[in-house]
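Novice: Provided below: protein05.pdb, containing PDB, C-alpha atoms.
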```
ATOM      1  CA  MET A   1       1.453 -11.161 -37.603
ATOM      2  CA  THR A   2       2.990 -12.614 -34.442
ATOM      3  CA  THR A   3       1.275 -12.511 -31.038
ATOM      4  CA  LEU A   4       3.076 -12.845 -27.751
ATOM      5  CA  LYS A   5       1.660 -15.111 -25.083
ATOM      6  CA  GLN A   6       2.118 -14.577 -21.359
ATOM      7  CA  SER A   7       4.282 -17.178 -19.696
ATOM      8  CA  THR A   8       2.612 -19.541 -17.235
ATOM      9  CA  ALA A   9       4.423 -17.807 -14.362
ATOM     10  CA  GLU A  10       3.113 -14.411 -15.506
ATOM     11  CA  GLN A  11      -0.434 -15.778 -15.753
ATOM     12  CA  VAL A  12      -0.284 -17.273 -12.252
ATOM     13  CA  SER A  13       1.218 -14.050 -10.871
ATOM     14  CA  SER A  14      -1.512 -12.014 -12.571
ATOM     15  CA  ARG A  15      -4.290 -14.206 -11.096
ATOM     16  CA  GLN A  16      -2.721 -14.038  -7.639
ATOM     17  CA  GLY A  17      -2.394 -10.263  -7.990
ATOM     18  CA  SER A  18      -6.047  -9.839  -8.941
ATOM     19  CA  GLY A  19      -7.133 -12.047  -6.022
ATOM     20  CA  LEU A  20      -4.979 -10.055  -3.637
ATOM     21  CA  LYS A  21      -6.294  -6.790  -5.078
ATOM     22  CA  SER A  22      -9.864  -7.972  -4.438
ATOM     23  CA  ALA A  23      -8.961  -8.863  -0.848
ATOM     24  CA  LEU A  24      -7.310  -5.464  -0.369
ATOM     25  CA  LEU A  25     -10.367  -3.683  -1.748
ATOM     26  CA  ARG A  26     -12.587  -5.619   0.684
ATOM     27  CA  GLN A  27     -10.380  -4.394   3.527
ATOM     28  CA  TYR A  28     -10.548  -0.878   2.113
ATOM     29  CA  ALA A  29     -14.356  -1.019   2.090
ATOM     30  CA  GLN A  30     -14.269  -1.697   5.848
ATOM     31  CA  TRP A  31     -11.983   1.280   6.555
ATOM     32  CA  GLN A  32     -12.984   3.777   3.836
ATOM     33  CA  GLY A  33     -13.610   7.250   5.236
ATOM     34  CA  THR A  34     -12.230   6.461   8.691
ATOM     35  CA  PRO A  35     -10.707   9.748   9.884
ATOM     36  CA  TYR A  36      -6.962  10.145  10.278
ATOM     37  CA  ASN A  37      -5.706  10.188  13.852
ATOM     38  CA  LEU A  38      -1.970  10.110  14.622
ATOM     39  CA  GLY A  39      -1.423   7.121  16.901
ATOM     40  CA  GLY A  40      -4.970   5.887  16.294
ATOM     41  CA  SER A  41      -5.801   2.313  15.386
ATOM     42  CA  THR A  42      -9.611   2.108  15.435
ATOM     43  CA  ARG A  43     -12.490   3.065  13.157
ATOM     44  CA  ARG A  44     -12.839   6.265  15.184
ATOM     45  CA  GLY A  45      -9.406   7.311  13.890
ATOM     46  CA  ILE A  46      -6.361   5.599  12.432
ATOM     47  CA  ASP A  47      -2.919   6.557  11.147
ATOM     48  CA  CYS A  48      -1.170   5.208   8.061
ATOM     49  CA  SER A  49       0.981   2.523   9.674
ATOM     50  CA  ALA A  50      -1.877   1.194  11.822
ATOM     51  CA  LEU A  51      -4.071   0.955   8.712
ATOM     52  CA  VAL A  52      -1.402  -1.080   6.914
ATOM     53  CA  GLN A  53      -1.001  -3.274   9.997
ATOM     54  CA  LYS A  54      -4.803  -3.844  10.177
ATOM     55  CA  ILE A  55      -5.144  -4.584   6.455
ATOM     56  CA  PHE A  56      -2.677  -7.476   6.748
ATOM     57  CA  SER A  57      -3.459  -8.548  10.341
ATOM     58  CA  GLN A  58      -5.223 -11.800   9.396
ATOM     59  CA  HIS A  59      -2.223 -13.090   7.447
ATOM     60  CA  ILE A  60       0.949 -11.229   8.390
ATOM     61  CA  THR A  61       2.186  -9.652  11.602
ATOM     62  CA  LEU A  62       3.619  -6.245  10.811
ATOM     63  CA  PRO A  63       5.270  -3.839  13.229
ATOM     64  CA  ARG A  64       3.343  -0.759  14.320
ATOM     65  CA  THR A  65       5.432   2.115  12.959
ATOM     66  CA  THR A  66       6.209   3.193   9.411
ATOM     67  CA  HIS A  67       9.960   3.085  10.109
ATOM     68  CA  GLN A  68       9.702  -0.513  11.325
ATOM     69  CA  GLN A  69       7.473  -1.540   8.417
ATOM     70  CA  LYS A  70       9.994  -0.114   5.950
ATOM     71  CA  ALA A  71      12.539  -2.632   7.270
ATOM     72  CA  LYS A  72      10.329  -5.642   6.431
ATOM     73  CA  GLY A  73      10.154  -7.662   3.239
ATOM     74  CA  MET A  74      12.272  -7.063   0.188
ATOM     75  CA  LYS A  75      12.864  -3.848  -1.686
ATOM     76  CA  VAL A  76      10.893  -3.484  -4.923
ATOM     77  CA  ALA A  77      11.541  -1.131  -7.816
ATOM     78  CA  LYS A  78       8.659   1.223  -8.597
ATOM     79  CA  HIS A  79       8.162  -0.290 -12.067
ATOM     80  CA  GLU A  80       7.817  -3.776 -10.488
ATOM     81  CA  LEU A  81       5.059  -2.931  -7.983
ATOM     82  CA  ARG A  82       2.344  -5.548  -7.429
ATOM     83  CA  PRO A  83      -0.846  -5.432  -5.350
ATOM     84  CA  GLY A  84       0.032  -5.852  -1.690
ATOM     85  CA  ASP A  85       3.374  -4.068  -1.854
ATOM     86  CA  LEU A  86       3.928  -1.371   0.756
ATOM     87  CA  VAL A  87       4.709   2.052  -0.701
ATOM     88  CA  PHE A  88       6.562   4.645   1.351
ATOM     89  CA  PHE A  89       6.674   8.406   1.037
ATOM     90  CA  LYS A  90       8.467  11.297   2.708
ATOM     91  CA  SER A  91       5.626  13.623   3.681
ATOM     92  CA  SER A  92       8.158  15.934   5.310
ATOM     93  CA  PRO A  93      11.797  15.559   6.419
ATOM     94  CA  ARG A  94      10.785  13.855   9.672
ATOM     95  CA  VAL A  95       7.420  12.296   8.827
ATOM     96  CA  PRO A  96       7.225   9.123   6.715
ATOM     97  CA  HIS A  97       3.982   7.825   5.194
ATOM     98  CA  VAL A  98       2.973   4.314   4.113
ATOM     99  CA  GLY A  99       0.226   2.846   1.978
ATOM    100  CA  VAL A 100      -0.663  -0.426   0.252
ATOM    101  CA  TYR A 101      -0.338  -0.634  -3.519
ATOM    102  CA  ILE A 102      -3.429  -2.076  -5.243
ATOM    103  CA  GLY A 103      -2.372  -1.833  -8.891
ATOM    104  CA  ASP A 104      -2.976   0.668 -11.687
ATOM    105  CA  LYS A 105      -0.747   3.241  -9.934
ATOM    106  CA  GLN A 106      -3.144   3.361  -6.949
ATOM    107  CA  PHE A 107      -2.629   2.821  -3.229
ATOM    108  CA  ILE A 108      -4.759   2.653  -0.080
ATOM    109  CA  HIS A 109      -3.684   4.879   2.787
ATOM    110  CA  ALA A 110      -4.834   7.014   5.702
ATOM    111  CA  SER A 111      -4.694  10.614   4.521
ATOM    112  CA  GLN A 112      -4.471  13.396   7.081
ATOM    113  CA  LYS A 113      -6.986  15.424   5.067
ATOM    114  CA  VAL A 114      -9.630  12.879   4.025
ATOM    115  CA  GLY A 115      -9.007   9.796   6.158
ATOM    116  CA  VAL A 116      -8.753   6.332   4.632
ATOM    117  CA  THR A 117      -8.812   6.709   0.873
ATOM    118  CA  ILE A 118      -7.280   5.575  -2.411
ATOM    119  CA  SER A 119      -4.777   7.866  -4.124
ATOM    120  CA  ARG A 120      -2.595   7.663  -7.213
ATOM    121  CA  LEU A 121       1.184   7.350  -7.207
ATOM    122  CA  ASP A 122       1.310   9.897 -10.032
ATOM    123  CA  ASN A 123      -0.772  12.417  -8.068
ATOM    124  CA  PRO A 124       1.057  15.794  -8.028
ATOM    125  CA  TYR A 125       1.314  15.623  -4.224
ATOM    126  CA  TRP A 126       2.477  12.002  -3.869
ATOM    127  CA  ALA A 127       4.685  11.557  -6.965
ATOM    128  CA  PRO A 128       7.591  13.752  -5.772
ATOM    129  CA  ARG A 129       7.349  12.318  -2.245
ATOM    130  CA  TYR A 130       7.631   8.656  -3.273
ATOM    131  CA  GLU A 131      10.577   7.047  -1.500
ATOM    132  CA  THR A 132      10.586   3.246  -1.808
ATOM    133  CA  ALA A 133       8.490   0.069  -1.780
ATOM    134  CA  ARG A 134       8.717  -3.246   0.049
ATOM    135  CA  ARG A 135       7.185  -6.602  -0.854
ATOM    136  CA  ILE A 136       5.844  -8.423   2.185
ATOM    137  CA  VAL A 137       3.513 -10.829   0.335
ATOM    138  CA  HIS A 138       5.131 -13.316  -2.056
TER
END
```
Kindly transcribe the structure held in the file into structure tokens.
Specialist:
Amino acid sequence: MTTLKQSTAEQVSSRQGSGLKSALLRQYAQWQGTPYNLGGSTRRGIDCSALVQKIFSQHITLPRTTHQQKAKGMKVAKHELRPGDLVFFKSSPRVPHVGVYIGDKQFIHASQKVGVTISRLDNPYWAPRYETARRIVH
């Protein structure tokens, strides 16, 4: 019986991904349950793009709006998502939505209904609205 070993690059990438996921979950713990507020950027109320901006604020300067954030980084195929990638959705024809992928088909975002939460990419609401992803952390 033959076993396959991960390459050194895959092992390093996996360790970096788990460290980044832990950092993202620490940020999530600080924002969890914060109510959604369009245009908001505080713990009293925050929107999706401000949440993404705040999550990365200690390491990366991101623009304020979802449209501007979608122009940053490099495009990533859905099957290549890694923790820290930005995931974008079309909530409606005019309204985009952004979250931060944390692995295992999950992402952190500011939901209009429940505030800052973790949802699944394969959720019946989000799956058909998925648009693209961008990698801003290398």
Novice: Just so the selection is clear, what residues does the PyMOL selection byres ((chain A and resi 56-69) around 10) cover here, as a PyMOL selection string?
Specialist: chain A and resi 23-24+27+39+41+47-55+70-73+84+86+88-89+95-100+134+136-137
Novice: Only C-alpha atoms, please: the residues just picked out, written as a PDB file, keeping the file's coordinate frame.
Specialist:
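out.pdb, freshly written:
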```
ATOM      1  CA  ALA A  23      -8.961  -8.863  -0.848  1.00  0.00           C
ATOM      2  CA  LEU A  24      -7.310  -5.464  -0.369  1.00  0.00           C
ATOM      3  CA  GLN A  27     -10.380  -4.394   3.527  1.00  0.00           C
ATOM      4  CA  GLY A  39      -1.423   7.121  16.901  1.00  0.00           C
ATOM      5  CA  SER A  41      -5.801   2.313  15.386  1.00  0.00           C
ATOM      6  CA  ASP A  47      -2.919   6.557  11.147  1.00  0.00           C
ATOM      7  CA  CYS A  48      -1.170   5.208   8.061  1.00  0.00           C
ATOM      8  CA  SER A  49       0.981   2.523   9.674  1.00  0.00           C
ATOM      9  CA  ALA A  50      -1.877   1.194  11.822  1.00  0.00           C
ATOM     10  CA  LEU A  51      -4.071   0.955   8.712  1.00  0.00           C
ATOM     11  CA  VAL A  52      -1.402  -1.080   6.914  1.00  0.00           C
ATOM     12  CA  GLN A  53      -1.001  -3.274   9.997  1.00  0.00           C
ATOM     13  CA  LYS A  54      -4.803  -3.844  10.177  1.00  0.00           C
ATOM     14  CA  ILE A  55      -5.144  -4.584   6.455  1.00  0.00           C
ATOM     15  CA  LYS A  70       9.994  -0.114   5.950  1.00  0.00           C
ATOM     16  CA  ALA A  71      12.539  -2.632   7.270  1.00  0.00           C
ATOM     17  CA  LYS A  72      10.329  -5.642   6.431  1.00  0.00           C
ATOM     18  CA  GLY A  73      10.154  -7.662   3.239  1.00  0.00           C
ATOM     19  CA  GLY A  84       0.032  -5.852  -1.690  1.00  0.00           C
ATOM     20  CA  LEU A  86       3.928  -1.371   0.756  1.00  0.00           C
ATOM     21  CA  PHE A  88       6.562   4.645   1.351  1.00  0.00           C
ATOM     22  CA  PHE A  89       6.674   8.406   1.037  1.00  0.00           C
ATOM     23  CA  VAL A  95       7.420  12.296   8.827  1.00  0.00           C
ATOM     24  CA  PRO A  96       7.225   9.123   6.715  1.00  0.00           C
ATOM     25  CA  HIS A  97       3.982   7.825   5.194  1.00  0.00           C
ATOM     26  CA  VAL A  98       2.973   4.314   4.113  1.00  0.00           C
ATOM     27  CA  GLY A  99       0.226   2.846   1.978  1.00  0.00           C
ATOM     28  CA  VAL A 100      -0.663  -0.426   0.252  1.00  0.00           C
ATOM     29  CA  ARG A 134       8.717  -3.246   0.049  1.00  0.00           C
ATOM     30  CA  ILE A 136       5.844  -8.423   2.185  1.00  0.00           C
ATOM     31  CA  VAL A 137       3.513 -10.829   0.335  1.00  0.00           C
TER      32      VAL A 137
END
```
Novice: Which of these residues is nearest to Ile118 in chain A, using all atoms listed in the file: A:Trp31, A:His138, A:Leu20, A:Leu38?
Specialist: A:Trp31
Novice: Report the distance between CA of Lys78 in chain A and CA of Leu121 in chain A in Å, rounded to one decimal place.
Specialist: 9.8 Å
Novice: Nearest to Ala127 in chain A: which of A:Lys75, A:Gly103, A:Lys90, A:Gly45 is it, counting all atoms listed in the file?
Specialist: A:Lys90
Novice: Would you mind reading off the distance between CA of Gly19 in chain A and CA of Ile102 in chain A, one decimal, in Å?
Specialist: 10.7 Å
Novice: Hey, can you check how far CA of Phe107 in chain A sits from CA of Asn37 in chain A?
Specialist: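 About the pair CA of Phe107 in chain A and CA of Asn37 in chain A: they are 18.9 Å apart.
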Novice: Up to 9 Å from (-13.8, 10.5, 7.5) in the file's coordinates: name the residues, counting only C-alpha atoms, as a list in words.
Specialist: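 Output of the proximity query reads Gln32, Gly33, Thr34, Pro35, Tyr36, Arg44, Gly45, Lys113, Val114, Gly115 and Val116 of chain A.
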Novice: Choose the residue, out of A:Asn123, A:Thr117, A:Ser111, A:Ser91, that has the smallest atom-to-atom separation from Gln30 in chain A; count only C-alpha atoms.
Specialist: A:Thr117
Novice: Which residue is closest to Tyr101 in chain A? Choose from A:Pro128, A:Met74, A:Ala133, A:Gly40 and count all atoms listed in the file.
Specialist: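 Among the listed residues, A:Ala133 lies closest to Tyr101 in chain A.
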Novice: Would you please work out which residue, of A:Arg94, A:Arg26, A:Arg135, A:Arg120, is nearest to Glu80 in chain A when using all atoms listed in the file?
Specialist: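 Among A:Arg94, A:Arg26, A:Arg135, A:Arg120, it is A:Arg135 that comes nearest to Glu80 in chain A.
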Novice: Would you mind exporting range 42-53 of chain A with all heavy atoms, as a CSV table (one decimal), in the first residue's frame?
Specialist:
```csv
chain,number,residue,atom,x,y,z
A,42,THR,N,-18.7,50.6,13.8
A,42,THR,CA,-18.4,50.4,15.3
A,42,THR,C,-19.1,49.2,15.8
A,42,THR,O,-19.9,48.6,15.2
A,42,THR,CB,-18.8,51.7,16.0
A,42,THR,OG1,-20.3,51.7,16.1
A,42,THR,CG2,-18.3,52.9,15.4
A,43,ARG,N,-18.8,48.9,17.1
A,43,ARG,CA,-19.5,47.8,17.7
A,43,ARG,C,-20.9,48.0,18.0
A,43,ARG,O,-21.7,47.1,18.3
A,43,ARG,CB,-18.7,47.4,19.0
A,43,ARG,CG,-17.4,46.7,18.7
A,43,ARG,CD,-16.7,46.2,19.9
A,43,ARG,NE,-15.5,45.4,19.5
A,43,ARG,CZ,-14.4,45.9,19.0
A,43,ARG,NH1,-14.2,47.2,18.9
A,43,ARG,NH2,-13.4,45.1,18.7
A,44,ARG,N,-21.4,49.2,17.8
A,44,ARG,CA,-22.8,49.5,17.9
A,44,ARG,C,-23.5,49.1,16.6
A,44,ARG,O,-24.7,48.9,16.6
A,44,ARG,CB,-23.1,51.0,18.2
A,44,ARG,CG,-22.6,51.4,19.6
A,44,ARG,CD,-23.0,52.8,19.9
A,44,ARG,NE,-22.5,53.6,18.8
A,44,ARG,CZ,-22.4,55.0,18.9
A,44,ARG,NH1,-22.9,55.6,19.9
A,44,ARG,NH2,-21.9,55.6,17.8
A,45,GLY,N,-22.8,49.0,15.5
A,45,GLY,CA,-23.4,48.6,14.3
A,45,GLY,C,-22.3,48.7,13.2
A,45,GLY,O,-21.6,49.7,13.1
A,46,ILE,N,-22.3,47.7,12.3
A,46,ILE,CA,-21.2,47.6,11.3
A,46,ILE,C,-21.8,47.0,10.0
A,46,ILE,O,-22.7,46.1,10.1
A,46,ILE,CB,-20.0,46.8,11.8
A,46,ILE,CG1,-18.8,47.0,10.9
A,46,ILE,CG2,-20.3,45.3,12.0
A,46,ILE,CD1,-17.5,46.6,11.6
A,47,ASP,N,-21.3,47.4,8.9
A,47,ASP,CA,-21.7,46.7,7.6
A,47,ASP,C,-20.6,45.7,7.2
A,47,ASP,O,-19.5,45.7,7.8
A,47,ASP,CB,-22.1,47.7,6.6
A,47,ASP,CG,-21.0,48.6,6.0
A,47,ASP,OD1,-19.8,48.2,6.2
A,47,ASP,OD2,-21.4,49.6,5.4
A,48,CYS,N,-20.9,45.0,6.1
A,48,CYS,CA,-19.9,43.9,5.7
A,48,CYS,C,-18.5,44.4,5.4
A,48,CYS,O,-17.5,43.9,5.8
A,48,CYS,CB,-20.5,43.1,4.6
A,48,CYS,SG,-20.9,44.0,3.1
A,49,SER,N,-18.5,45.5,4.6
A,49,SER,CA,-17.2,45.9,4.1
A,49,SER,C,-16.4,46.6,5.2
A,49,SER,O,-15.1,46.4,5.3
A,49,SER,CB,-17.3,46.9,2.9
A,49,SER,OG,-18.1,48.0,3.3
A,50,ALA,N,-17.0,47.2,6.2
A,50,ALA,CA,-16.3,47.8,7.3
A,50,ALA,C,-15.8,46.7,8.2
A,50,ALA,O,-14.7,46.8,8.8
A,50,ALA,CB,-17.2,48.7,8.1
A,51,LEU,N,-16.6,45.6,8.4
A,51,LEU,CA,-16.1,44.5,9.2
A,51,LEU,C,-14.8,43.9,8.6
A,51,LEU,O,-13.8,43.7,9.3
A,51,LEU,CB,-17.2,43.4,9.3
A,51,LEU,CG,-16.7,42.1,10.0
A,51,LEU,CD1,-16.4,42.4,11.5
A,51,LEU,CD2,-17.8,41.1,9.9
A,52,VAL,N,-14.8,43.7,7.3
A,52,VAL,CA,-13.6,43.1,6.6
A,52,VAL,C,-12.5,44.1,6.8
A,52,VAL,O,-11.3,43.7,7.1
A,52,VAL,CB,-13.9,42.9,5.1
A,52,VAL,CG1,-12.7,42.6,4.3
A,52,VAL,CG2,-14.9,41.7,4.9
A,53,GLN,N,-12.7,45.4,6.6
A,53,GLN,CA,-11.7,46.4,6.8
A,53,GLN,C,-11.1,46.3,8.2
A,53,GLN,O,-9.9,46.3,8.4
A,53,GLN,CB,-12.2,47.8,6.5
A,53,GLN,CG,-11.2,48.9,6.4
A,53,GLN,CD,-11.9,50.2,6.2
A,53,GLN,OE1,-12.9,50.5,6.8
A,53,GLN,NE2,-11.4,51.0,5.2
```
